[in-house]
>>> print(open('work.tsv').read())   # TSV, C-alpha atoms and all ligand atoms
chain	number	residue	atom	x	y	z
F	1	MET	CA	60.94	100.45	131.34
F	2	ALA	CA	63.70	98.17	132.46
F	3	GLY	CA	65.67	99.24	135.51
F	4	THR	CA	69.45	99.17	135.69
F	5	ILE	CA	71.58	97.13	138.01
F	6	SER	CA	72.84	99.64	140.57
F	7	SER	CA	76.43	98.37	140.51
F	8	MET	CA	76.70	98.71	136.69
F	9	THR	CA	79.27	101.23	135.47
F	10	ASN	CA	79.06	103.13	132.18
F	11	THR	CA	81.67	100.92	130.51
F	12	GLN	CA	79.93	97.64	131.36
F	13	VAL	CA	77.62	96.16	128.75
F	14	ARG	CA	74.09	95.78	130.04
F	15	LYS	CA	73.10	92.11	130.36
F	16	CYS	CA	69.41	91.49	130.55
F	17	ALA	CA	67.49	88.29	129.86
F	18	LEU	CA	63.83	87.56	129.33
F	19	ILE	CA	63.04	83.90	130.08
F	20	THR	CA	59.73	82.39	129.01
F	21	GLY	CA	58.69	79.37	131.08
F	22	VAL	CA	60.66	80.68	134.04
F	23	ASN	CA	58.71	78.62	136.57
F	24	GLY	CA	59.71	75.34	134.93
F	25	MET	CA	62.78	73.28	135.73
F	26	ASP	CA	65.02	74.77	133.03
F	27	GLY	CA	63.66	78.30	133.41
F	28	SER	CA	64.37	78.39	137.12
F	29	HIS	CA	67.88	76.91	136.80
F	30	LEU	CA	68.66	79.36	133.99
F	31	ALA	CA	67.40	82.31	136.05
F	32	ASP	CA	69.69	81.23	138.91
F	33	LEU	CA	72.66	80.97	136.56
F	34	LEU	CA	72.09	84.35	134.88
F	35	LEU	CA	71.54	86.15	138.19
F	36	GLU	CA	74.85	84.71	139.39
F	37	LYS	CA	76.44	86.09	136.24
F	38	GLY	CA	75.14	89.58	137.04
F	39	TYR	CA	72.22	89.67	134.61
F	40	GLU	CA	69.00	91.50	135.17
F	41	VAL	CA	66.40	88.74	134.67
F	42	TYR	CA	62.73	88.96	133.70
F	43	GLY	CA	60.64	85.82	133.93
F	44	LEU	CA	57.53	85.46	131.80
F	45	GLU	CA	54.74	83.55	133.49
F	46	ARG	CA	51.18	82.82	132.42
F	47	ARG	CA	48.33	84.39	134.31
F	48	THR	CA	46.73	81.71	136.45
F	49	SER	CA	44.61	81.98	139.59
F	50	LYS	CA	47.55	80.56	141.54
F	51	PRO	CA	50.97	80.79	139.85
F	52	ASN	CA	53.09	77.69	140.30
F	53	ARG	CA	56.27	79.18	141.72
F	54	SER	CA	57.58	76.14	143.54
F	55	ASN	CA	60.84	76.42	141.55
F	56	THR	CA	61.07	80.21	141.67
F	57	ALA	CA	59.75	81.28	145.09
F	58	HIS	CA	63.35	82.01	146.10
F	59	LEU	CA	63.62	84.60	143.30
F	60	GLU	CA	60.62	86.69	144.36
F	61	ALA	CA	62.69	88.95	146.61
F	62	HIS	CA	65.77	89.06	144.39
F	63	PRO	CA	66.53	92.70	143.49
F	64	ASN	CA	67.47	91.85	139.88
F	65	PHE	CA	64.56	89.53	139.14
F	66	THR	CA	61.06	90.50	137.95
F	67	PHE	CA	58.05	88.42	136.92
F	68	ILE	CA	56.07	89.59	133.87
F	69	ILE	CA	52.66	88.23	132.89
F	70	GLY	CA	52.57	86.97	129.32
F	71	ASP	CA	51.65	84.05	127.14
F	72	LEU	CA	53.07	82.47	123.99
F	73	GLY	CA	49.47	82.27	122.81
F	74	ASP	CA	49.08	86.06	123.00
F	75	GLN	CA	51.21	88.03	120.54
F	76	ASN	CA	50.68	91.47	122.13
F	77	SER	CA	51.68	90.22	125.55
F	78	LEU	CA	55.06	89.20	124.12
F	79	LEU	CA	55.73	92.62	122.60
F	80	ARG	CA	54.73	94.24	125.89
F	81	ALA	CA	57.12	91.94	127.76
F	82	LEU	CA	59.96	92.94	125.42
F	83	ASN	CA	59.16	96.64	125.82
F	84	GLN	CA	59.06	96.27	129.59
F	85	SER	CA	62.25	94.23	129.99
F	86	GLU	CA	64.34	95.60	127.09
F	87	PRO	CA	66.29	92.33	126.98
F	88	THR	CA	69.61	91.68	125.31
F	89	GLU	CA	68.82	87.94	125.30
F	90	VAL	CA	65.53	86.02	125.11
F	91	TYR	CA	65.36	82.36	126.14
F	92	ASN	CA	62.17	80.71	124.91
F	93	LEU	CA	61.69	77.80	127.31
F	94	ALA	CA	57.91	77.94	127.72
F	95	ALA	CA	56.11	74.96	126.20
F	96	GLN	CA	53.58	72.24	126.72
F	97	SER	CA	56.56	70.13	127.74
F	98	PHE	CA	54.98	66.76	128.47
F	99	VAL	CA	55.20	64.45	125.45
F	100	GLY	CA	52.58	62.07	126.85
F	101	SER	CA	49.89	64.79	127.04
F	102	SER	CA	50.53	65.96	123.50
F	103	TRP	CA	48.21	63.25	122.13
F	104	MET	CA	45.43	64.53	124.39
F	105	ILE	CA	45.93	68.23	123.56
F	106	PRO	CA	47.61	68.18	120.13
F	107	GLU	CA	46.16	71.49	119.01
F	108	GLN	CA	47.27	73.40	122.10
F	109	THR	CA	50.67	71.70	121.87
F	110	GLY	CA	51.00	72.87	118.25
F	111	ASN	CA	49.81	76.36	119.13
F	112	ILE	CA	52.31	76.91	121.94
F	113	ASN	CA	55.29	74.74	120.99
F	114	GLY	CA	55.10	75.61	117.30
F	115	LEU	CA	53.25	78.88	116.64
F	116	GLY	CA	54.32	80.27	120.02
F	117	VAL	CA	57.89	80.35	118.74
F	118	LEU	CA	56.78	82.25	115.64
F	119	ARG	CA	54.91	84.76	117.83
F	120	MET	CA	58.03	85.41	119.90
F	121	LEU	CA	60.22	85.77	116.81
F	122	GLU	CA	57.73	88.22	115.29
F	123	ALA	CA	57.58	90.17	118.55
F	124	ILE	CA	61.39	90.38	118.62
F	125	ARG	CA	61.49	91.47	114.99
F	126	GLU	CA	59.02	94.26	115.68
F	127	TYR	CA	60.80	95.26	118.89
F	128	GLN	CA	64.14	95.41	117.05
F	129	GLU	CA	62.61	97.54	114.29
F	130	ASN	CA	61.09	99.96	116.80
F	131	THR	CA	64.17	100.30	118.98
F	132	SER	CA	67.15	99.43	116.75
F	133	GLU	CA	68.30	97.13	119.55
F	134	ASN	CA	69.70	93.67	118.77
F	135	VAL	CA	68.26	90.79	120.72
F	136	LYS	CA	69.76	87.31	120.82
F	137	PHE	CA	67.21	84.51	120.80
F	138	TYR	CA	67.45	80.96	122.18
F	139	GLN	CA	64.85	78.37	121.19
F	140	ALA	CA	64.41	75.24	123.30
F	141	ALA	CA	64.40	72.55	120.63
F	142	THR	CA	64.53	68.92	121.67
F	143	SER	CA	65.86	65.45	120.92
F	144	GLU	CA	62.21	64.41	120.48
F	145	MET	CA	62.59	65.85	116.97
F	146	PHE	CA	64.88	62.86	116.22
F	147	GLY	CA	62.16	60.51	117.49
F	148	LYS	CA	62.70	57.31	115.56
F	149	MET	CA	66.45	58.00	115.37
F	150	VAL	CA	67.58	57.62	111.80
F	151	GLU	CA	71.17	57.78	113.13
F	152	ASN	CA	72.43	56.72	116.57
F	153	PRO	CA	73.85	58.79	118.23
F	154	ALA	CA	72.04	61.76	116.69
F	155	LYS	CA	73.82	65.01	115.91
F	156	GLU	CA	72.96	68.35	114.31
F	157	THR	CA	72.97	66.89	110.77
F	158	THR	CA	70.84	63.82	111.57
F	159	PRO	CA	67.46	63.83	109.74
F	160	PHE	CA	64.43	64.33	111.97
F	161	TYR	CA	61.60	61.83	112.51
F	162	PRO	CA	59.33	63.06	115.32
F	163	ARG	CA	56.99	60.51	116.92
F	164	SER	CA	54.49	62.69	118.82
F	165	PRO	CA	52.43	65.86	118.33
F	166	TYR	CA	54.94	67.35	120.77
F	167	GLY	CA	57.92	66.46	118.56
F	168	VAL	CA	56.16	67.65	115.41
F	169	ALA	CA	55.31	71.02	116.98
F	170	LYS	CA	58.87	71.44	118.27
F	171	LEU	CA	60.16	70.75	114.79
F	172	TYR	CA	58.16	73.71	113.49
F	173	GLY	CA	59.71	75.83	116.27
F	174	TYR	CA	63.17	74.67	115.24
F	175	TRP	CA	62.66	75.40	111.53
F	176	ILE	CA	60.99	78.76	112.01
F	177	THR	CA	63.91	79.81	114.22
F	178	LYS	CA	66.36	78.78	111.49
F	179	ASN	CA	64.19	80.52	108.91
F	180	TYR	CA	64.11	83.83	110.82
F	181	ARG	CA	67.89	83.62	111.20
F	182	GLU	CA	68.27	83.15	107.45
F	183	SER	CA	65.46	85.53	106.40
F	184	TYR	CA	66.17	88.47	108.69
F	185	GLY	CA	69.71	87.88	109.93
F	186	MET	CA	68.47	87.45	113.50
F	187	PHE	CA	70.82	86.03	116.12
F	188	ALA	CA	68.58	83.02	116.71
F	189	CYS	CA	69.81	79.62	117.93
F	190	SER	CA	68.19	76.30	118.72
F	191	GLY	CA	69.54	74.07	121.44
F	192	ILE	CA	68.64	70.47	120.59
F	193	LEU	CA	68.70	69.16	124.13
F	194	PHE	CA	68.49	65.51	125.03
F	195	ASN	CA	66.67	64.61	128.26
F	196	HIS	CA	67.86	66.53	131.28
F	197	GLU	CA	66.45	66.27	134.75
F	198	SER	CA	66.88	67.65	138.25
F	199	GLU	CA	65.25	67.81	141.66
F	200	ARG	CA	63.01	70.56	140.16
F	201	ARG	CA	61.59	68.26	137.46
F	202	GLY	CA	57.78	68.02	137.25
F	203	ILE	CA	56.39	64.93	138.96
F	204	GLU	CA	54.77	63.61	135.74
F	205	PHE	CA	58.14	62.92	134.06
F	206	VAL	CA	59.51	59.43	134.52
F	207	THR	CA	62.71	60.28	136.43
F	208	ARG	CA	61.02	62.42	139.06
F	209	LYS	CA	58.07	60.04	139.26
F	210	ILE	CA	60.57	57.31	140.14
F	211	THR	CA	62.67	59.29	142.65
F	212	ASP	CA	59.51	60.60	144.33
F	213	GLY	CA	58.03	57.09	144.28
F	214	VAL	CA	61.00	55.27	145.80
F	215	THR	CA	61.24	57.76	148.67
F	216	LYS	CA	57.50	57.41	149.36
F	217	ILE	CA	58.00	53.63	149.43
F	218	LYS	CA	60.89	54.03	151.87
F	219	LEU	CA	58.76	56.21	154.15
F	220	GLY	CA	55.78	53.85	153.96
F	221	LEU	CA	53.62	56.44	152.18
F	222	GLU	CA	53.14	54.24	149.07
F	223	ASP	CA	53.70	50.58	148.30
F	224	HIS	CA	54.44	50.75	144.56
F	225	ILE	CA	55.07	52.96	141.52
F	226	SER	CA	52.88	52.64	138.40
F	227	LEU	CA	54.79	53.08	135.17
F	228	GLY	CA	54.38	52.51	131.43
F	229	ASN	CA	57.12	51.29	129.08
F	230	LEU	CA	60.24	50.27	131.01
F	231	ASP	CA	62.27	49.40	127.91
F	232	SER	CA	62.85	52.81	126.35
F	233	TYR	CA	66.33	54.33	126.57
F	234	ARG	CA	67.13	57.95	127.28
F	235	ASP	CA	70.31	60.04	127.29
F	236	TRP	CA	69.82	61.74	130.66
F	237	GLY	CA	71.91	64.71	131.83
F	238	TYR	CA	71.63	67.14	134.75
F	239	ALA	CA	69.59	70.28	133.96
F	240	PRO	CA	71.95	72.88	135.56
F	241	ASP	CA	74.70	71.70	133.16
F	242	TYR	CA	72.33	72.10	130.21
F	243	VAL	CA	71.19	75.66	131.00
F	244	GLU	CA	74.85	76.64	130.96
F	245	GLY	CA	74.99	75.29	127.40
F	246	MET	CA	72.00	77.48	126.47
F	247	TRP	CA	73.80	80.55	127.76
F	248	LEU	CA	77.03	79.62	125.95
F	249	MET	CA	75.15	79.40	122.62
F	250	LEU	CA	74.17	83.06	122.93
F	251	GLN	CA	77.72	84.16	123.80
F	252	GLN	CA	79.13	83.09	120.41
F	253	ASP	CA	79.96	85.48	117.56
F	254	GLU	CA	77.64	83.66	115.16
F	255	PRO	CA	74.24	82.07	115.79
F	256	ASP	CA	74.05	78.31	115.30
F	257	ASP	CA	72.24	75.17	116.48
F	258	PHE	CA	73.77	72.69	118.92
F	259	VAL	CA	73.03	69.27	120.34
F	260	LEU	CA	73.55	68.93	124.10
F	261	ALA	CA	73.76	65.34	125.35
F	262	THR	CA	75.88	63.03	127.49
F	263	GLY	CA	76.39	60.42	124.75
F	264	ASP	CA	75.16	57.59	127.02
F	265	ALA	CA	71.70	56.05	127.00
F	266	TYR	CA	70.14	54.04	129.83
F	267	SER	CA	66.81	52.24	130.07
F	268	ILE	CA	64.01	53.08	132.51
F	269	ARG	CA	64.88	49.75	134.19
F	270	GLU	CA	68.46	50.93	134.73
F	271	PHE	CA	67.17	54.19	136.17
F	272	LEU	CA	64.97	52.15	138.52
F	273	ASP	CA	68.03	50.09	139.59
F	274	LEU	CA	69.92	53.25	140.53
F	275	ALA	CA	67.02	54.90	142.34
F	276	PHE	CA	66.01	51.84	144.36
F	277	LYS	CA	69.67	51.24	145.24
F	278	GLU	CA	69.66	54.65	146.94
F	279	ILE	CA	67.05	53.39	149.41
F	280	GLY	CA	68.73	50.00	149.87
F	281	ILE	CA	66.50	47.87	147.57
F	282	THR	CA	68.18	45.76	144.88
F	283	ASP	CA	65.19	43.76	143.61
F	284	TRP	CA	62.41	46.26	142.88
F	285	SER	CA	60.11	43.90	140.96
F	286	ASP	CA	57.47	43.87	143.73
F	287	TYR	CA	57.42	47.66	143.92
F	288	VAL	CA	56.84	48.54	140.25
F	289	LYS	CA	53.57	47.89	138.37
F	290	GLN	CA	53.15	48.38	134.69
F	291	ASP	CA	50.01	50.32	133.85
F	292	PRO	CA	48.74	50.67	130.25
F	293	ARG	CA	47.55	54.21	131.07
F	294	PHE	CA	51.19	55.33	130.94
F	295	MET	CA	51.98	53.72	127.58
F	296	ARG	CA	52.17	56.05	124.56
F	297	PRO	CA	50.45	55.60	121.17
F	298	ALA	CA	53.89	55.90	119.52
F	299	GLU	CA	57.08	55.47	121.51
F	300	VAL	CA	60.57	56.84	121.05
F	301	ASP	CA	62.54	53.71	121.88
F	302	VAL	CA	66.04	55.13	122.11
F	303	LEU	CA	67.49	58.62	122.34
F	304	ARG	CA	71.22	59.11	122.39
F	305	GLY	CA	73.06	62.23	121.32
F	306	ASP	CA	76.46	63.28	120.07
F	307	ALA	CA	77.47	66.67	121.52
F	308	THR	CA	80.88	66.85	119.79
F	309	LYS	CA	80.02	70.17	118.12
F	310	ALA	CA	79.05	71.77	121.44
F	311	GLN	CA	82.20	70.39	123.05
F	312	LYS	CA	84.40	71.82	120.28
F	313	ILE	CA	82.76	75.21	119.74
F	314	LEU	CA	81.17	76.00	123.10
F	315	ASN	CA	83.67	74.07	125.21
F	316	TRP	CA	80.59	72.55	126.84
F	317	LYS	CA	80.62	69.24	128.69
F	318	PRO	CA	78.16	67.73	131.16
F	319	LYS	CA	79.62	67.60	134.68
F	320	VAL	CA	77.12	65.46	136.62
F	321	ASN	CA	76.64	61.84	135.55
F	322	LEU	CA	73.47	59.78	135.85
F	323	ALA	CA	74.32	58.01	139.13
F	324	GLU	CA	75.24	61.34	140.74
F	325	MET	CA	72.06	62.93	139.50
F	326	VAL	CA	69.87	60.10	140.80
F	327	LYS	CA	71.58	60.49	144.18
F	328	ILE	CA	70.77	64.22	144.25
F	329	MET	CA	67.15	63.69	143.16
F	330	VAL	CA	66.47	60.88	145.65
F	331	ALA	CA	68.05	62.87	148.51
F	332	GLU	CA	65.87	65.92	147.72
F	333	ASP	CA	62.70	63.86	147.42
F	334	LEU	CA	63.51	62.10	150.66
F	335	LYS	CA	63.73	65.47	152.42
F	336	ARG	CA	60.47	66.70	150.87
F	337	ASN	CA	58.56	63.49	151.54
F	338	THR	CA	59.86	63.21	155.10
F	339	ILE	CA	58.26	66.61	155.78
F	340	LEU	CA	55.08	65.42	154.04
F	341	SER	CA	55.06	62.26	156.13
F	342	TYR	CA	55.45	64.31	159.32
F	343	GLN	CA	52.62	66.65	158.29
F	344	LEU	CA	50.36	63.67	157.53
F	345	SER	CA	51.08	62.07	160.89
F	346	ARG	CA	50.35	65.39	162.68
F	347	SER	CA	47.02	65.82	160.84
F	348	GLU	CA	45.99	62.30	161.87
F	349	GLU	CA	46.68	62.95	165.59
T	1	LIG	N1	56.29	60.33	131.93
T	1	LIG	C1	56.32	58.99	132.04
T	1	LIG	N2	55.55	58.39	132.99
T	1	LIG	N3	57.12	58.31	131.20
T	1	LIG	C2	57.16	56.97	131.36
T	1	LIG	C3	56.40	56.28	132.32
T	1	LIG	C4	55.55	57.03	133.17
T	1	LIG	O1	54.85	56.51	134.03
T	1	LIG	N4	56.68	54.97	132.22
T	1	LIG	C5	57.57	54.83	131.24
T	1	LIG	N5	57.86	56.04	130.70
T	1	LIG	C6	58.76	56.26	129.56
T	1	LIG	C7	58.13	57.06	128.43
T	1	LIG	O2	57.29	56.22	127.63
T	1	LIG	C8	59.40	57.53	127.71
T	1	LIG	O3	59.87	56.50	126.86
T	1	LIG	C9	60.40	57.73	128.84
T	1	LIG	O4	59.85	57.08	129.98
T	1	LIG	C10	60.69	59.16	129.19
T	1	LIG	O5	59.47	59.84	129.38
T	1	LIG	P1	59.43	61.32	130.02
T	1	LIG	O6	60.15	61.37	131.30
T	1	LIG	O7	58.00	61.76	130.04
T	1	LIG	O8	60.31	62.20	129.01
T	1	LIG	P2	60.33	62.27	127.41
T	1	LIG	O9	61.59	61.59	126.97
T	1	LIG	O10	59.05	61.82	126.82
T	1	LIG	O11	60.42	63.84	127.17
T	1	LIG	C11	61.33	64.65	127.90
T	1	LIG	O12	62.54	64.82	127.17
T	1	LIG	C12	62.42	65.51	125.93
T	1	LIG	C13	63.82	65.57	125.33
T	1	LIG	O13	64.09	64.35	124.71
T	1	LIG	C14	60.68	66.01	128.15
T	1	LIG	O14	61.52	66.79	128.97
T	1	LIG	C15	60.46	66.77	126.85
T	1	LIG	O15	59.93	68.06	127.14
T	1	LIG	C16	61.83	66.90	126.16
T	1	LIG	O16	61.69	67.58	124.95
>>> encode(input="work.tsv", output="structure tokens")
Amino acid sequence: MAGTISSMTNTQVRKCALITGVNGMDGSHLADLLLEKGYEVYGLERRTSKPNRSNTAHLEAHPNFTFIIGDLGDQNSLLRALNQSEPTEVYNLAAQSFVGSSWMIPEQTGNINGLGVLRMLEAIREYQENTSENVKFYQAATSEMFGKMVENPAKETTPFYPRSPYGVAKLYGYWITKNYRESYGMFACSGILFNHESERRGIEFVTRKITDGVTKIKLGLEDHISLGNLDSYRDWGYAPDYVEGMWLMLQQDEPDDFVLATGDAYSIREFLDLAFKEIGITDWSDYVKQDPRFMRPAEVDVLRGDATKAQKILNWKPKVNLAEMVKIMVAEDLKRNTILSYQLSRSEE
């Protein structure tokens, strides 16, 4: 049974969120935001021998935060999580989120990113039937569904053309969410988010790989960064701005789908310029090696979004621009890698 926030009075509406993928970048930023807003927050995490709570360790002792074990691959675990948390809002952020790996594990990617969404929707439907409660549902859709970009910039009405098993699976998640909204009247929304990054980004993604890499170069821990295609363009925003957009979608009177994007696209080379500039290097050509291992069988060359609808209806706008974000990410990685460098030097003594 869900607890109640001690300060809640009888007239206040209970606000309780269940977040799948809470240990990821978006999940952890969203948990922070909702706790600040006075929500009770439950975070779904997979059972592993050692949970990866590097983004959520600070929440372990929070009185209004609880971890629940569950898995998008396990239908019953989702219903149990709903019964335990009794949420008013569910944010489905769990996924096999790395596009590059989706060619290596296409079936698992389809199972979690596609069918996992269906499992959660079915669990919510059953929970609503059993309890007569209404639950609002947010699905983490993605600009990867636009893939080959039939229209640039892409908006909610742009036709989809996914270019990876990841994008194809996410497209199923998007359509099944729309279908459950239309079939059962569920308050179910998809946020079609363009790339968004932060200091909590996984190290395998290109932005964090670069900010981690440049700081290691500065500290003498590495002498280069190995990358794949440097000529793709991405519309990069700052993740804390984007989780606010997710929340706003569920505060509307009617469920709908929204693109969140900055409207500007930059190449990997331009990202490299900004990151190396932070450590005082203007010509990075000797520090970056192209490695075919990081090339993809099919590439999304350009992603750029038009968030006019979100701006008009949600009053949402990104606050942090790319240069500011790179500054934040490099500063954080510099701190982390300085500690690492100190620890390495101590272990060598
Ligand atoms: N990861 C990675 N590693 N990407 C590289 C590298 C490298 O060494 N070198 C070049 N790239 C290029 C990729 O080929 C791609 O064109 C671009 O950098 C961005 O790659 P990622 O950072 O892995 O992100 P993504 O755009 O594929 O996917 C991210 O954004 C999607 C939204 O558009 C992820 O967050 C997805 O989960 C999300 O849906």
>>> residues_near_ligand(input="work.tsv", ligand="ligand LIG 1 (chain T)", cutoff="9 Å", atoms="only C-alpha atoms and all ligand atoms", output="PyMOL selection string")
chain F and resi 95-100+140-147+166-167+170+192-197+201+203-210+225-236+267-268+290-291+293-296+298-303
>>> closest_residue(input="work.tsv", among="F:Ile281, F:Ile176, F:Leu18, F:Leu260", to="Val243 of chain F", atoms="all atoms listed in the file")
F:Leu260
>>> axis_aligned_box(input="work.tsv", around="segment 240-253 of chain F", padding_each_side="3 Å", output="JSON")
{"center_x": 75.6, "center_y": 78.6, "center_z": 126.6, "size_x": 14.8, "size_y": 19.8, "size_z": 24.0}
>>> residues_around(input="work.tsv", residues="Glu244 of chain F", least_positions_apart="6", cutoff="9 Å", atoms="all atoms listed in the file", output="VMD selection string")
chain F and resid 30 33 316
>>> atom_distance(input="work.tsv", atom1="atom CA of Tyr238 of chain F", atom2="atom CA of Lys327 of chain F")
11.5 Å
>>> build_atoms(input="work.tsv", residues="segment 132-152 of chain F", atoms="N, CA, C and O atoms", output="compact mmCIF listing (two decimals), in the frame of the given file")
# COMPACT_ATOMS: atom_id res chain seq x y z
N SER F 132 65.80 99.63 117.32
CA SER F 132 67.15 99.43 116.75
C SER F 132 68.08 98.65 117.69
O SER F 132 69.30 98.70 117.55
N GLU F 133 67.50 97.98 118.67
CA GLU F 133 68.30 97.13 119.55
C GLU F 133 68.47 95.76 118.89
O GLU F 133 67.61 95.33 118.12
N ASN F 134 69.55 95.05 119.23
CA ASN F 134 69.70 93.67 118.77
C ASN F 134 69.44 92.72 119.93
O ASN F 134 70.00 92.91 121.00
N VAL F 135 68.61 91.75 119.68
CA VAL F 135 68.26 90.79 120.72
C VAL F 135 68.70 89.41 120.27
O VAL F 135 68.41 89.01 119.14
N LYS F 136 69.39 88.69 121.14
CA LYS F 136 69.76 87.31 120.82
C LYS F 136 68.65 86.38 121.31
O LYS F 136 68.11 86.58 122.40
N PHE F 137 68.36 85.36 120.50
CA PHE F 137 67.21 84.51 120.80
C PHE F 137 67.64 83.05 120.91
O PHE F 137 68.34 82.53 120.03
N TYR F 138 67.20 82.40 122.00
CA TYR F 138 67.45 80.96 122.18
C TYR F 138 66.12 80.22 122.11
O TYR F 138 65.17 80.56 122.83
N GLN F 139 66.05 79.21 121.27
CA GLN F 139 64.85 78.37 121.19
C GLN F 139 65.13 76.99 121.78
O GLN F 139 66.11 76.32 121.39
N ALA F 140 64.27 76.56 122.69
CA ALA F 140 64.41 75.24 123.30
C ALA F 140 63.88 74.17 122.35
O ALA F 140 62.71 73.80 122.38
N ALA F 141 64.76 73.70 121.47
CA ALA F 141 64.40 72.55 120.63
C ALA F 141 64.67 71.28 121.45
O ALA F 141 65.05 71.37 122.62
N THR F 142 64.51 70.14 120.85
CA THR F 142 64.53 68.92 121.67
C THR F 142 64.95 67.70 120.87
O THR F 142 64.70 67.61 119.65
N SER F 143 65.51 66.72 121.55
CA SER F 143 65.86 65.45 120.92
C SER F 143 64.63 64.68 120.45
O SER F 143 64.76 63.76 119.64
N GLU F 144 63.44 65.06 120.96
CA GLU F 144 62.21 64.41 120.48
C GLU F 144 62.02 64.63 118.98
O GLU F 144 61.28 63.90 118.34
N MET F 145 62.68 65.63 118.42
CA MET F 145 62.59 65.85 116.97
C MET F 145 63.26 64.69 116.22
O MET F 145 62.94 64.41 115.08
N PHE F 146 64.22 64.01 116.85
CA PHE F 146 64.88 62.86 116.22
C PHE F 146 63.99 61.62 116.28
O PHE F 146 64.11 60.72 115.46
N GLY F 147 63.17 61.56 117.34
CA GLY F 147 62.16 60.51 117.49
C GLY F 147 62.64 59.11 117.15
O GLY F 147 63.24 58.43 117.96
N LYS F 148 62.41 58.69 115.93
CA LYS F 148 62.70 57.31 115.56
C LYS F 148 64.20 57.06 115.32
O LYS F 148 64.61 55.93 115.02
N MET F 149 64.98 58.11 115.44
CA MET F 149 66.45 58.00 115.37
C MET F 149 66.97 57.32 114.11
O MET F 149 67.31 56.14 114.09
N VAL F 150 67.06 58.11 113.07
CA VAL F 150 67.58 57.62 111.80
C VAL F 150 69.07 57.30 111.94
O VAL F 150 69.63 56.48 111.22
N GLU F 151 69.72 57.98 112.89
CA GLU F 151 71.17 57.78 113.13
C GLU F 151 71.37 57.77 114.64
O GLU F 151 70.78 58.58 115.35
N ASN F 152 72.21 56.85 115.12
CA ASN F 152 72.43 56.72 116.57
C ASN F 152 73.94 56.67 116.85
O ASN F 152 74.61 55.75 116.38
